[in-house]
file data-v8.cif (mmCIF, C-alpha atoms and all ligand atoms)
data_upload
loop_
_atom_site.group_PDB
_atom_site.id
_atom_site.type_symbol
_atom_site.label_atom_id
_atom_site.label_comp_id
_atom_site.auth_asym_id
_atom_site.auth_seq_id
_atom_site.Cartn_x
_atom_site.Cartn_y
_atom_site.Cartn_z
ATOM 1 C CA MET J 1 -115.083 51.966 -23.672
ATOM 2 C CA ARG J 2 -112.888 52.841 -20.668
ATOM 3 C CA VAL J 3 -109.688 54.692 -21.534
ATOM 4 C CA SER J 4 -106.555 52.831 -20.420
ATOM 5 C CA ARG J 5 -103.191 54.436 -19.777
ATOM 6 C CA LEU J 6 -99.968 53.373 -21.451
ATOM 7 C CA SER J 7 -97.268 55.788 -20.354
ATOM 8 C CA GLU J 8 -97.186 59.524 -19.854
ATOM 9 C CA LEU J 9 -97.091 60.125 -23.603
ATOM 10 C CA LYS J 10 -100.236 59.713 -25.652
ATOM 11 C CA PRO J 11 -99.576 57.087 -28.322
ATOM 12 C CA VAL J 12 -99.442 57.700 -32.047
ATOM 13 C CA ILE J 13 -101.001 54.842 -34.001
ATOM 14 C CA LEU J 14 -99.442 54.147 -37.391
ATOM 15 C CA LYS J 15 -101.118 51.819 -39.876
ATOM 16 C CA ILE J 16 -98.893 50.528 -42.625
ATOM 17 C CA GLY J 17 -101.250 49.356 -45.344
ATOM 18 C CA GLY J 18 -100.954 45.989 -46.975
ATOM 19 C CA SER J 19 -101.184 48.045 -50.175
ATOM 20 C CA VAL J 20 -97.735 49.424 -49.299
ATOM 21 C CA ILE J 21 -95.753 46.448 -48.014
ATOM 22 C CA THR J 22 -97.144 44.016 -50.586
ATOM 23 C CA ASP J 23 -98.212 44.142 -54.219
ATOM 24 C CA LYS J 24 -101.940 43.512 -53.987
ATOM 25 C CA ASN J 25 -102.131 42.549 -57.671
ATOM 26 C CA ARG J 26 -100.015 39.444 -57.173
ATOM 27 C CA GLU J 27 -100.420 36.722 -54.546
ATOM 28 C CA LEU J 28 -97.826 36.592 -51.765
ATOM 29 C CA ALA J 29 -95.821 39.458 -53.220
ATOM 30 C CA ALA J 30 -93.900 41.095 -50.382
ATOM 31 C CA ARG J 31 -92.269 44.456 -51.083
ATOM 32 C CA THR J 32 -89.237 43.956 -48.898
ATOM 33 C CA GLN J 33 -87.520 47.104 -50.188
ATOM 34 C CA GLU J 34 -90.496 49.199 -49.077
ATOM 35 C CA MET J 35 -90.360 47.483 -45.690
ATOM 36 C CA SER J 36 -86.660 48.350 -45.373
ATOM 37 C CA ARG J 37 -87.232 51.966 -46.334
ATOM 38 C CA LEU J 38 -90.138 52.320 -43.914
ATOM 39 C CA ALA J 39 -88.138 50.671 -41.139
ATOM 40 C CA GLU J 40 -85.387 53.210 -41.757
ATOM 41 C CA GLU J 41 -87.860 56.103 -41.573
ATOM 42 C CA ILE J 42 -89.347 54.705 -38.357
ATOM 43 C CA GLN J 43 -85.885 54.236 -36.881
ATOM 44 C CA LYS J 44 -84.941 57.825 -37.820
ATOM 45 C CA VAL J 45 -88.006 59.252 -36.054
ATOM 46 C CA ASN J 46 -87.156 57.319 -32.887
ATOM 47 C CA ALA J 47 -90.610 57.963 -31.406
ATOM 48 C CA LYS J 48 -91.199 56.690 -27.886
ATOM 49 C CA ASN J 49 -94.973 56.590 -28.147
ATOM 50 C CA LEU J 50 -95.541 54.718 -31.383
ATOM 51 C CA ILE J 51 -97.754 51.664 -31.952
ATOM 52 C CA ILE J 52 -97.752 50.062 -35.409
ATOM 53 C CA VAL J 53 -100.506 48.044 -37.054
ATOM 54 C CA HIS J 54 -100.020 46.560 -40.507
ATOM 55 C CA GLY J 55 -102.433 45.108 -43.008
ATOM 56 C CA GLY J 56 -102.611 41.835 -44.869
ATOM 57 C CA GLY J 57 -102.159 42.882 -48.489
ATOM 58 C CA SER J 58 -101.622 40.005 -50.890
ATOM 59 C CA PHE J 59 -100.744 37.708 -47.979
ATOM 60 C CA GLY J 60 -103.849 37.730 -45.765
ATOM 61 C CA HIS J 61 -106.683 38.808 -48.039
ATOM 62 C CA PRO J 62 -106.623 36.209 -50.874
ATOM 63 C CA VAL J 63 -106.476 33.164 -48.559
ATOM 64 C CA ALA J 64 -109.133 34.639 -46.268
ATOM 65 C CA GLN J 65 -111.332 35.214 -49.291
ATOM 66 C CA GLN J 66 -110.753 31.738 -50.736
ATOM 67 C CA TYR J 67 -111.967 30.080 -47.502
ATOM 68 C CA ALA J 68 -114.598 32.708 -46.563
ATOM 69 C CA ILE J 69 -112.945 33.131 -43.159
ATOM 70 C CA LYS J 70 -114.604 36.477 -42.427
ATOM 71 C CA GLU J 71 -118.067 34.904 -42.757
ATOM 72 C CA GLY J 72 -117.314 32.486 -39.899
ATOM 73 C CA PHE J 73 -116.975 28.775 -39.309
ATOM 74 C CA LYS J 74 -119.430 26.804 -41.437
ATOM 75 C CA GLU J 75 -117.547 23.736 -42.550
ATOM 76 C CA GLU J 76 -114.533 21.657 -41.575
ATOM 77 C CA THR J 77 -112.654 22.476 -44.782
ATOM 78 C CA GLN J 78 -112.314 26.086 -43.613
ATOM 79 C CA LYS J 79 -110.068 25.070 -40.733
ATOM 80 C CA ILE J 80 -107.021 24.705 -42.938
ATOM 81 C CA GLY J 81 -107.940 28.089 -44.440
ATOM 82 C CA PHE J 82 -108.011 29.695 -40.992
ATOM 83 C CA ALA J 83 -104.649 28.121 -40.175
ATOM 84 C CA GLU J 84 -103.217 29.267 -43.505
ATOM 85 C CA THR J 85 -104.533 32.828 -43.200
ATOM 86 C CA HIS J 86 -103.077 33.203 -39.727
ATOM 87 C CA HIS J 87 -99.810 31.548 -40.717
ATOM 88 C CA ILE J 88 -99.301 33.670 -43.814
ATOM 89 C CA MET J 89 -99.881 36.796 -41.709
ATOM 90 C CA THR J 90 -97.160 35.693 -39.302
ATOM 91 C CA VAL J 91 -94.870 35.311 -42.336
ATOM 92 C CA LEU J 92 -95.625 38.842 -43.580
ATOM 93 C CA ASN J 93 -95.283 40.164 -40.035
ATOM 94 C CA GLY J 94 -91.956 38.363 -39.706
ATOM 95 C CA LEU J 95 -90.583 40.089 -42.804
ATOM 96 C CA PHE J 96 -91.569 43.497 -41.456
ATOM 97 C CA MET J 97 -90.209 42.701 -37.976
ATOM 98 C CA ASP J 98 -86.962 41.611 -39.619
ATOM 99 C CA ALA J 99 -86.643 44.988 -41.332
ATOM 100 C CA LEU J 100 -87.268 46.859 -38.060
ATOM 101 C CA ILE J 101 -85.052 44.754 -35.824
ATOM 102 C CA TRP J 102 -82.190 44.820 -38.333
ATOM 103 C CA ARG J 103 -82.246 48.593 -37.929
ATOM 104 C CA ASN J 104 -82.004 48.287 -34.172
ATOM 105 C CA VAL J 105 -85.634 49.155 -33.550
ATOM 106 C CA PRO J 106 -86.781 47.162 -30.478
ATOM 107 C CA ALA J 107 -89.991 46.052 -32.166
ATOM 108 C CA VAL J 108 -92.040 43.194 -30.693
ATOM 109 C CA SER J 109 -95.047 41.734 -32.425
ATOM 110 C CA ILE J 110 -98.410 41.093 -30.819
ATOM 111 C CA THR J 111 -100.438 38.341 -32.460
ATOM 112 C CA PRO J 112 -104.154 39.212 -32.481
ATOM 113 C CA SER J 113 -105.370 35.603 -32.732
ATOM 114 C CA SER J 114 -103.703 34.889 -29.368
ATOM 115 C CA CYS J 115 -104.951 37.883 -27.391
ATOM 116 C CA ILE J 116 -108.206 39.018 -29.016
ATOM 117 C CA ILE J 117 -111.677 37.471 -29.271
ATOM 118 C CA THR J 118 -114.288 39.202 -31.377
ATOM 119 C CA ARG J 119 -118.070 38.938 -31.232
ATOM 120 C CA LYS J 120 -119.828 39.156 -34.594
ATOM 121 C CA GLY J 121 -116.600 40.601 -35.973
ATOM 122 C CA ARG J 122 -116.137 43.335 -33.368
ATOM 123 C CA ILE J 123 -113.390 43.217 -30.718
ATOM 124 C CA GLN J 124 -114.961 41.814 -27.559
ATOM 125 C CA CYS J 125 -111.929 41.098 -25.387
ATOM 126 C CA PHE J 126 -108.374 42.191 -25.831
ATOM 127 C CA GLU J 127 -105.670 41.084 -23.389
ATOM 128 C CA GLU J 128 -103.940 44.424 -23.416
ATOM 129 C CA ASN J 129 -101.305 43.960 -20.695
ATOM 130 C CA PRO J 130 -98.482 42.812 -22.999
ATOM 131 C CA LEU J 131 -99.105 45.849 -25.238
ATOM 132 C CA LYS J 132 -99.088 48.129 -22.190
ATOM 133 C CA MET J 133 -95.875 46.597 -20.850
ATOM 134 C CA LEU J 134 -94.129 46.880 -24.204
ATOM 135 C CA SER J 135 -95.165 50.491 -24.507
ATOM 136 C CA LYS J 136 -94.204 51.429 -20.957
ATOM 137 C CA MET J 137 -90.791 49.803 -21.345
ATOM 138 C CA GLY J 138 -90.077 51.666 -24.578
ATOM 139 C CA PHE J 139 -90.457 48.799 -27.015
ATOM 140 C CA LEU J 140 -92.249 49.318 -30.310
ATOM 141 C CA PRO J 141 -95.417 47.183 -30.335
ATOM 142 C CA VAL J 142 -96.373 45.920 -33.790
ATOM 143 C CA THR J 143 -99.665 44.187 -34.460
ATOM 144 C CA TYR J 144 -101.620 43.318 -37.609
ATOM 145 C CA GLY J 145 -104.858 42.284 -39.228
ATOM 146 C CA ASP J 146 -105.359 38.585 -38.508
ATOM 147 C CA ALA J 147 -107.720 35.619 -38.505
ATOM 148 C CA VAL J 148 -109.181 35.561 -34.971
ATOM 149 C CA PHE J 149 -111.643 33.558 -32.880
ATOM 150 C CA ASP J 150 -115.147 34.929 -32.598
ATOM 151 C CA SER J 151 -117.561 34.028 -29.794
ATOM 152 C CA ASP J 152 -120.497 34.068 -32.176
ATOM 153 C CA LEU J 153 -119.065 33.092 -35.576
ATOM 154 C CA GLY J 154 -116.393 30.651 -34.410
ATOM 155 C CA PHE J 155 -113.773 32.654 -36.264
ATOM 156 C CA THR J 156 -113.552 35.695 -38.492
ATOM 157 C CA ILE J 157 -111.161 38.290 -39.895
ATOM 158 C CA LEU J 158 -110.115 41.215 -37.746
ATOM 159 C CA SER J 159 -108.948 44.060 -39.953
ATOM 160 C CA GLY J 160 -105.891 46.134 -39.159
ATOM 161 C CA ASP J 161 -108.194 49.134 -39.598
ATOM 162 C CA GLN J 162 -110.498 48.031 -36.746
ATOM 163 C CA LEU J 163 -107.434 47.420 -34.575
ATOM 164 C CA VAL J 164 -106.125 50.925 -35.299
ATOM 165 C CA SER J 165 -109.368 52.548 -34.269
ATOM 166 C CA TYR J 166 -109.800 50.299 -31.222
ATOM 167 C CA ILE J 167 -106.260 50.843 -29.905
ATOM 168 C CA ALA J 168 -106.434 54.590 -30.606
ATOM 169 C CA THR J 169 -109.688 54.912 -28.657
ATOM 170 C CA LYS J 170 -108.717 52.554 -25.866
ATOM 171 C CA PHE J 171 -105.407 54.293 -25.207
ATOM 172 C CA ASN J 172 -106.544 57.813 -25.976
ATOM 173 C CA ALA J 173 -104.131 58.284 -28.875
ATOM 174 C CA GLU J 174 -102.749 61.662 -29.856
ATOM 175 C CA ARG J 175 -103.343 60.908 -33.531
ATOM 176 C CA ILE J 176 -103.655 58.235 -36.179
ATOM 177 C CA ILE J 177 -101.567 57.989 -39.341
ATOM 178 C CA ILE J 178 -102.810 55.724 -42.104
ATOM 179 C CA GLY J 179 -100.248 54.831 -44.752
ATOM 180 C CA VAL J 180 -101.662 53.648 -48.075
ATOM 181 C CA ASP J 181 -100.555 53.443 -51.728
ATOM 182 C CA VAL J 182 -102.468 56.570 -52.861
ATOM 183 C CA ASP J 183 -101.925 60.222 -51.907
ATOM 184 C CA GLY J 184 -104.889 60.523 -49.539
ATOM 185 C CA LEU J 185 -108.658 60.308 -49.546
ATOM 186 C CA TYR J 186 -110.362 61.212 -52.831
ATOM 187 C CA ASP J 187 -113.982 61.779 -53.819
ATOM 188 C CA ALA J 188 -113.759 58.478 -55.757
ATOM 189 C CA ASP J 189 -111.202 55.676 -56.092
ATOM 190 C CA PRO J 190 -108.267 57.383 -57.877
ATOM 191 C CA LYS J 191 -107.311 54.066 -59.465
ATOM 192 C CA VAL J 192 -110.711 53.931 -61.168
ATOM 193 C CA GLU J 193 -111.612 57.607 -61.680
ATOM 194 C CA LYS J 194 -108.662 59.449 -63.193
ATOM 195 C CA THR J 195 -110.327 62.805 -62.444
ATOM 196 C CA ALA J 196 -110.925 62.010 -58.767
ATOM 197 C CA LYS J 197 -110.218 64.946 -56.476
ATOM 198 C CA MET J 198 -108.138 64.590 -53.330
ATOM 199 C CA PHE J 199 -109.228 66.193 -50.067
ATOM 200 C CA LYS J 200 -106.614 68.037 -48.003
ATOM 201 C CA HIS J 201 -108.847 68.479 -44.990
ATOM 202 C CA LEU J 202 -112.195 67.046 -43.932
ATOM 203 C CA THR J 203 -114.333 67.416 -40.845
ATOM 204 C CA LEU J 204 -116.255 64.435 -39.546
ATOM 205 C CA ALA J 205 -119.501 65.949 -40.855
ATOM 206 C CA GLU J 206 -117.980 66.380 -44.330
ATOM 207 C CA LEU J 207 -116.672 62.815 -44.222
ATOM 208 C CA LYS J 208 -120.095 61.445 -43.283
ATOM 209 C CA ALA J 209 -121.662 63.311 -46.201
ATOM 210 C CA LEU J 210 -119.424 61.619 -48.751
ATOM 211 C CA GLN J 211 -119.105 58.220 -47.079
ATOM 212 C CA ASN J 212 -121.262 56.289 -49.535
ATOM 213 C CA LYS J 213 -119.336 57.682 -52.516
ATOM 214 C CA LEU J 214 -116.033 56.150 -51.403
ATOM 215 C CA GLY J 215 -114.801 53.065 -53.202
ATOM 216 C CA GLU J 216 -113.539 49.834 -51.691
ATOM 217 C CA SER J 217 -110.464 48.506 -53.461
ATOM 218 C CA VAL J 218 -109.760 47.261 -56.960
ATOM 219 C CA ALA J 219 -107.506 44.689 -55.336
ATOM 220 C CA CYS J 220 -108.624 41.788 -53.150
ATOM 221 C CA ASP J 221 -109.582 43.225 -49.744
ATOM 222 C CA VAL J 222 -111.945 41.275 -47.484
ATOM 223 C CA THR J 223 -112.377 44.179 -45.070
ATOM 224 C CA GLY J 224 -113.912 46.767 -47.381
ATOM 225 C CA GLY J 225 -110.882 48.648 -48.753
ATOM 226 C CA MET J 226 -111.024 52.420 -48.325
ATOM 227 C CA SER J 227 -114.708 52.644 -47.407
ATOM 228 C CA GLY J 228 -114.236 49.953 -44.733
ATOM 229 C CA LYS J 229 -111.215 51.851 -43.431
ATOM 230 C CA ILE J 230 -113.163 55.122 -43.177
ATOM 231 C CA ALA J 231 -116.085 53.423 -41.417
ATOM 232 C CA GLU J 232 -113.643 52.028 -38.821
ATOM 233 C CA LEU J 233 -111.873 55.349 -38.337
ATOM 234 C CA MET J 234 -115.022 57.356 -37.690
ATOM 235 C CA PRO J 235 -115.555 56.425 -34.016
ATOM 236 C CA ALA J 236 -111.941 57.375 -33.202
ATOM 237 C CA ILE J 237 -112.296 60.708 -35.019
ATOM 238 C CA GLU J 238 -115.577 61.252 -33.166
ATOM 239 C CA ARG J 239 -113.548 60.914 -29.939
ATOM 240 C CA GLY J 240 -111.380 63.812 -31.084
ATOM 241 C CA ILE J 241 -108.443 61.776 -32.430
ATOM 242 C CA PRO J 242 -107.329 63.230 -35.787
ATOM 243 C CA ALA J 243 -106.437 60.874 -38.635
ATOM 244 C CA THR J 244 -104.034 61.542 -41.506
ATOM 245 C CA ILE J 245 -104.207 59.421 -44.657
ATOM 246 C CA VAL J 246 -100.856 59.577 -46.406
ATOM 247 C CA ASN J 247 -99.005 57.888 -49.253
ATOM 248 C CA ALA J 248 -96.542 55.542 -47.531
ATOM 249 C CA THR J 249 -94.988 54.448 -50.834
ATOM 250 C CA LYS J 250 -93.417 57.916 -51.228
ATOM 251 C CA PRO J 251 -90.041 58.205 -49.502
ATOM 252 C CA ASN J 252 -90.063 60.240 -46.281
ATOM 253 C CA TYR J 253 -93.814 60.819 -46.209
ATOM 254 C CA ILE J 254 -94.262 58.540 -43.197
ATOM 255 C CA TYR J 255 -91.177 60.095 -41.620
ATOM 256 C CA LYS J 256 -92.628 63.581 -42.029
ATOM 257 C CA ALA J 257 -96.100 62.546 -40.894
ATOM 258 C CA LEU J 258 -94.628 60.943 -37.755
ATOM 259 C CA LYS J 259 -92.528 64.043 -37.081
ATOM 260 C CA GLY J 260 -95.610 66.212 -37.441
ATOM 261 C CA GLU J 261 -94.055 68.002 -40.427
ATOM 262 C CA LYS J 262 -96.126 69.256 -43.325
ATOM 263 C CA VAL J 263 -96.758 66.594 -45.948
ATOM 264 C CA GLU J 264 -99.241 66.170 -48.781
ATOM 265 C CA ALA J 265 -102.063 64.075 -47.256
ATOM 266 C CA THR J 266 -105.686 64.116 -46.109
ATOM 267 C CA LEU J 267 -106.260 65.275 -42.552
ATOM 268 C CA ILE J 268 -109.578 64.320 -40.981
ATOM 269 C CA GLU J 269 -110.589 66.021 -37.742
ATOM 270 C CA LYS J 270 -113.721 66.055 -35.629
ATOM 271 C CA GLU J 271 -114.365 69.735 -36.368
HETATM 272 N N1 LIG I 301 -112.148 57.422 -52.273
HETATM 273 C C1 LIG I 301 -110.965 56.818 -52.257
HETATM 274 N N2 LIG I 301 -109.844 57.548 -51.966
HETATM 275 C C2 LIG I 301 -108.638 56.921 -51.922
HETATM 276 N N3 LIG I 301 -108.450 55.609 -52.195
HETATM 277 C C3 LIG I 301 -109.514 54.855 -52.485
HETATM 278 C C4 LIG I 301 -110.827 55.418 -52.530
HETATM 279 N N4 LIG I 301 -111.706 54.443 -52.856
HETATM 280 C C5 LIG I 301 -110.992 53.329 -53.012
HETATM 281 N N5 LIG I 301 -109.676 53.551 -52.795
HETATM 282 C C6 LIG I 301 -108.639 52.524 -52.898
HETATM 283 O O1 LIG I 301 -108.327 52.101 -51.600
HETATM 284 C C7 LIG I 301 -107.056 51.457 -51.681
HETATM 285 C C8 LIG I 301 -106.478 51.334 -50.308
HETATM 286 O O2 LIG I 301 -107.271 50.445 -49.562
HETATM 287 P P1 LIG I 301 -106.855 48.935 -49.397
HETATM 288 O O3 LIG I 301 -107.740 48.338 -48.365
HETATM 289 O O4 LIG I 301 -106.756 48.264 -50.734
HETATM 290 O O5 LIG I 301 -105.362 49.052 -48.876
HETATM 291 P P2 LIG I 301 -104.776 48.793 -47.425
HETATM 292 O O6 LIG I 301 -105.789 49.039 -46.380
HETATM 293 O O7 LIG I 301 -103.510 49.557 -47.394
HETATM 294 O O8 LIG I 301 -104.456 47.255 -47.502
HETATM 295 P P3 LIG I 301 -104.677 46.203 -46.318
HETATM 296 O O9 LIG I 301 -106.137 46.081 -46.105
HETATM 297 O O10 LIG I 301 -104.058 44.963 -46.852
HETATM 298 O O11 LIG I 301 -103.952 46.788 -45.156
HETATM 299 C C9 LIG I 301 -106.253 52.342 -52.597
HETATM 300 O O12 LIG I 301 -105.332 51.555 -53.307
HETATM 301 C C10 LIG I 301 -107.317 52.988 -53.496
HETATM 302 O O13 LIG I 301 -107.221 52.570 -54.826
HETATM 303 MG MG MG I 302 -107.652 47.361 -46.506
#
call {"tool": "encode", "arguments": {"input": "data-v8.cif", "output": "structure tokens"}}
result
Amino acid sequence: MRVSRLSELKPVILKIGGSVITDKNRELAARTQEMSRLAEEIQKVNAKNLIIVHGGGSFGHPVAQQYAIKEGFKEETQKIGFAETHHIMTVLNGLFMDALIWRNVPAVSITPSSCIITRKGRIQCFEENPLKMLSKMGFLPVTYGDAVFDSDLGFTILSGDQLVSYIATKFNAERIIIGVDVDGLYDADPKVEKTAKMFKHLTLAELKALQNKLGESVACDVTGGMSGKIAELMPAIERGIPATIVNATKPNYIYKALKGEKVEATLIEKE
């Protein structure tokens, strides 16, 4: 993939997990207070090189699962499911945009279904000029996991995690920050294994060695939960872009991670 330029600064890609801004145990349960707090932290950092991607949480995933959107277009009845999945993501995105804009952050959302086509679930074309313009002009681009059109499957689900890795690689990001609802990456799902051990630092080789031990998600997640996330991140890490997995539900953790300050998290680097 050819590296494109945004501005002089290398971008920082921040993923805000659906596990943070929604309650994944209840359908359509937005955590608007968390969104407000995160918006405040983002506003306080005032970074000029930030790109945000957020996940679907209990908005996108359950509807996508109900209509098997990720598996592609097989029957007419799925069309309303595609429409609903995309629509509900615009609703979640709207709530988050509201929180940012109310705090005077010039955030502008980019809708994946309108500028991305995948092929067998992988990004095939991405009209990147609006993202570039936003970035160059000092706006904060915000995009999200979405239901998208697929040249082979008709349609599918594009995860926020794939978008993070794609954008980071395409624009030669400085680093990736992944905000989730747990303290970092563990040797097993900490919500299942109470004795799971958290990693503070991992090299790509160490990550590969434990990849098949990682869990998905106890909640509904059509894009593979934590193990799907790690699989997506690997190519970006391979390119030398470090990734930090941090608990975004804890106040100021995202602030500190964005500032480059020390914070309890898992740092994954190529070497
Ligand atoms: N080895 C692991 N280490 C850490 N968390 C893990 C691990 N295995 C599974 N998990 C689970 O992964 C979950 C986070 O992934 P999940 O996909 O559910 O959230 P998300 O990506 O923030 O949500 P969304 O996909 O909506 O953006 C955590 O809640 C955790 O319980
Ligand atoms: Mg997920």
call {"tool": "resolve_selection", "arguments": {"input": "data-v8.cif", "expression": "the PyMOL selection byres (((chain J and resi 37-50) around 7) and not hetatm)", "output": "VMD selection string"}}
result
chain J and resid 9 to 13 33 to 36 51 to 52 99 to 100 103 105 138 140 252 255 259
call {"tool": "closest_atom_pairs", "arguments": {"input": "data-v8.cif", "of": "chain J", "to": "ligand LIG 301 (chain I)", "cutoff": "8 Å", "atoms": "all atoms listed in the file", "output": "CSV"}}
result
residue,atom,partner,partner_atom,distance
J:Lys15,CA,I:LIG301,O11,7.8
J:Ile16,CA,I:LIG301,O7,6.7
J:Gly17,CA,I:LIG301,O7,3.1
J:Gly18,CA,I:LIG301,O10,3.3
J:Ser19,CA,I:LIG301,O7,3.9
J:Val20,CA,I:LIG301,O7,6.1
J:Thr22,CA,I:LIG301,O10,7.9
J:Lys24,CA,I:LIG301,O4,7.5
J:His54,CA,I:LIG301,O11,6.1
J:Gly55,CA,I:LIG301,O11,3.1
J:Gly56,CA,I:LIG301,O10,4.0
J:Gly57,CA,I:LIG301,O10,3.3
J:Ser58,CA,I:LIG301,O10,6.8
J:Gly60,CA,I:LIG301,O10,7.3
J:His61,CA,I:LIG301,O10,6.8
J:Gly145,CA,I:LIG301,O11,7.5
J:Ser159,CA,I:LIG301,O9,7.1
J:Gly160,CA,I:LIG301,O11,6.3
J:Asp161,CA,I:LIG301,O6,7.2
J:Gly179,CA,I:LIG301,O7,6.7
J:Val180,CA,I:LIG301,O7,4.5
J:Asp181,CA,I:LIG301,O12,5.4
J:Val182,CA,I:LIG301,C9,5.7
J:Asp183,CA,I:LIG301,C2,7.5
J:Gly184,CA,I:LIG301,C2,5.7
J:Leu185,CA,I:LIG301,N2,3.9
J:Tyr186,CA,I:LIG301,N2,3.8
J:Asp187,CA,I:LIG301,N1,5.0
J:Ala188,CA,I:LIG301,N1,4.0
J:Asp189,CA,I:LIG301,N4,3.5
J:Pro190,CA,I:LIG301,O13,5.8
J:Lys191,CA,I:LIG301,O13,4.9
J:Val192,CA,I:LIG301,O13,7.4
J:Met198,CA,I:LIG301,N2,7.4
J:Lys213,CA,I:LIG301,N1,7.2
J:Leu214,CA,I:LIG301,N1,4.2
J:Gly215,CA,I:LIG301,N4,3.4
J:Glu216,CA,I:LIG301,C5,4.5
J:Ser217,CA,I:LIG301,C6,4.4
J:Val218,CA,I:LIG301,O13,6.3
J:Ala219,CA,I:LIG301,O4,5.9
J:Cys220,CA,I:LIG301,O4,7.2
J:Asp221,CA,I:LIG301,O3,5.6
J:Val222,CA,I:LIG301,O9,7.7
J:Thr223,CA,I:LIG301,O9,6.6
J:Gly224,CA,I:LIG301,O3,6.4
J:Gly225,CA,I:LIG301,O3,3.2
J:Met226,CA,I:LIG301,O1,4.3
J:Ser227,CA,I:LIG301,N4,6.5
J:Gly228,CA,I:LIG301,O3,7.6
J:Lys229,CA,I:LIG301,O6,6.8
call {"tool": "write_last_selection", "arguments": {"input": "data-v8.cif", "atoms": "C-alpha atoms", "output": "PDB file, keeping the file's coordinate frame"}}
result
ATOM      1  CA  LYS J  15    -101.118  51.819 -39.876  1.00  0.00           C
ATOM      2  CA  ILE J  16     -98.893  50.528 -42.625  1.00  0.00           C
ATOM      3  CA  GLY J  17    -101.250  49.356 -45.344  1.00  0.00           C
ATOM      4  CA  GLY J  18    -100.954  45.989 -46.975  1.00  0.00           C
ATOM      5  CA  SER J  19    -101.184  48.045 -50.175  1.00  0.00           C
ATOM      6  CA  VAL J  20     -97.735  49.424 -49.299  1.00  0.00           C
ATOM      7  CA  THR J  22     -97.144  44.016 -50.586  1.00  0.00           C
ATOM      8  CA  LYS J  24    -101.940  43.512 -53.987  1.00  0.00           C
ATOM      9  CA  HIS J  54    -100.020  46.560 -40.507  1.00  0.00           C
ATOM     10  CA  GLY J  55    -102.433  45.108 -43.008  1.00  0.00           C
ATOM     11  CA  GLY J  56    -102.611  41.835 -44.869  1.00  0.00           C
ATOM     12  CA  GLY J  57    -102.159  42.882 -48.489  1.00  0.00           C
ATOM     13  CA  SER J  58    -101.622  40.005 -50.890  1.00  0.00           C
ATOM     14  CA  GLY J  60    -103.849  37.730 -45.765  1.00  0.00           C
ATOM     15  CA  HIS J  61    -106.683  38.808 -48.039  1.00  0.00           C
ATOM     16  CA  GLY J 145    -104.858  42.284 -39.228  1.00  0.00           C
ATOM     17  CA  SER J 159    -108.948  44.060 -39.953  1.00  0.00           C
ATOM     18  CA  GLY J 160    -105.891  46.134 -39.159  1.00  0.00           C
ATOM     19  CA  ASP J 161    -108.194  49.134 -39.598  1.00  0.00           C
ATOM     20  CA  GLY J 179    -100.248  54.831 -44.752  1.00  0.00           C
ATOM     21  CA  VAL J 180    -101.662  53.648 -48.075  1.00  0.00           C
ATOM     22  CA  ASP J 181    -100.555  53.443 -51.728  1.00  0.00           C
ATOM     23  CA  VAL J 182    -102.468  56.570 -52.861  1.00  0.00           C
ATOM     24  CA  ASP J 183    -101.925  60.222 -51.907  1.00  0.00           C
ATOM     25  CA  GLY J 184    -104.889  60.523 -49.539  1.00  0.00           C
ATOM     26  CA  LEU J 185    -108.658  60.308 -49.546  1.00  0.00           C
ATOM     27  CA  TYR J 186    -110.362  61.212 -52.831  1.00  0.00           C
ATOM     28  CA  ASP J 187    -113.982  61.779 -53.819  1.00  0.00           C
ATOM     29  CA  ALA J 188    -113.759  58.478 -55.757  1.00  0.00           C
ATOM     30  CA  ASP J 189    -111.202  55.676 -56.092  1.00  0.00           C
ATOM     31  CA  PRO J 190    -108.267  57.383 -57.877  1.00  0.00           C
ATOM     32  CA  LYS J 191    -107.311  54.066 -59.465  1.00  0.00           C
ATOM     33  CA  VAL J 192    -110.711  53.931 -61.168  1.00  0.00           C
ATOM     34  CA  MET J 198    -108.138  64.590 -53.330  1.00  0.00           C
ATOM     35  CA  LYS J 213    -119.336  57.682 -52.516  1.00  0.00           C
ATOM     36  CA  LEU J 214    -116.033  56.150 -51.403  1.00  0.00           C
ATOM     37  CA  GLY J 215    -114.801  53.065 -53.202  1.00  0.00           C
ATOM     38  CA  GLU J 216    -113.539  49.834 -51.691  1.00  0.00           C
ATOM     39  CA  SER J 217    -110.464  48.506 -53.461  1.00  0.00           C
ATOM     40  CA  VAL J 218    -109.760  47.261 -56.960  1.00  0.00           C
ATOM     41  CA  ALA J 219    -107.506  44.689 -55.336  1.00  0.00           C
ATOM     42  CA  CYS J 220    -108.624  41.788 -53.150  1.00  0.00           C
ATOM     43  CA  ASP J 221    -109.582  43.225 -49.744  1.00  0.00           C
ATOM     44  CA  VAL J 222    -111.945  41.275 -47.484  1.00  0.00           C
ATOM     45  CA  THR J 223    -112.377  44.179 -45.070  1.00  0.00           C
ATOM     46  CA  GLY J 224    -113.912  46.767 -47.381  1.00  0.00           C
ATOM     47  CA  GLY J 225    -110.882  48.648 -48.753  1.00  0.00           C
ATOM     48  CA  MET J 226    -111.024  52.420 -48.325  1.00  0.00           C
ATOM     49  CA  SER J 227    -114.708  52.644 -47.407  1.00  0.00           C
ATOM     50  CA  GLY J 228    -114.236  49.953 -44.733  1.00  0.00           C
ATOM     51  CA  LYS J 229    -111.215  51.851 -43.431  1.00  0.00           C
TER      52      LYS J 229
END
call {"tool": "atom_distance", "arguments": {"input": "data-v8.cif", "atom1": "atom CA of Glu238 of chain J", "atom2": "atom CA of Ser151 of chain J"}}
result
27.5 Å
call {"tool": "residues_around", "arguments": {"input": "data-v8.cif", "residues": "segment 261-265 of chain J", "least_positions_apart": "3", "cutoff": "7 Å", "atoms": "all atoms listed in the file", "output": "list in words"}}
result
Asp183, Gly184, Lys200, Thr244, Ile245, Val246, Tyr253, Lys256 and Ala257 of chain J
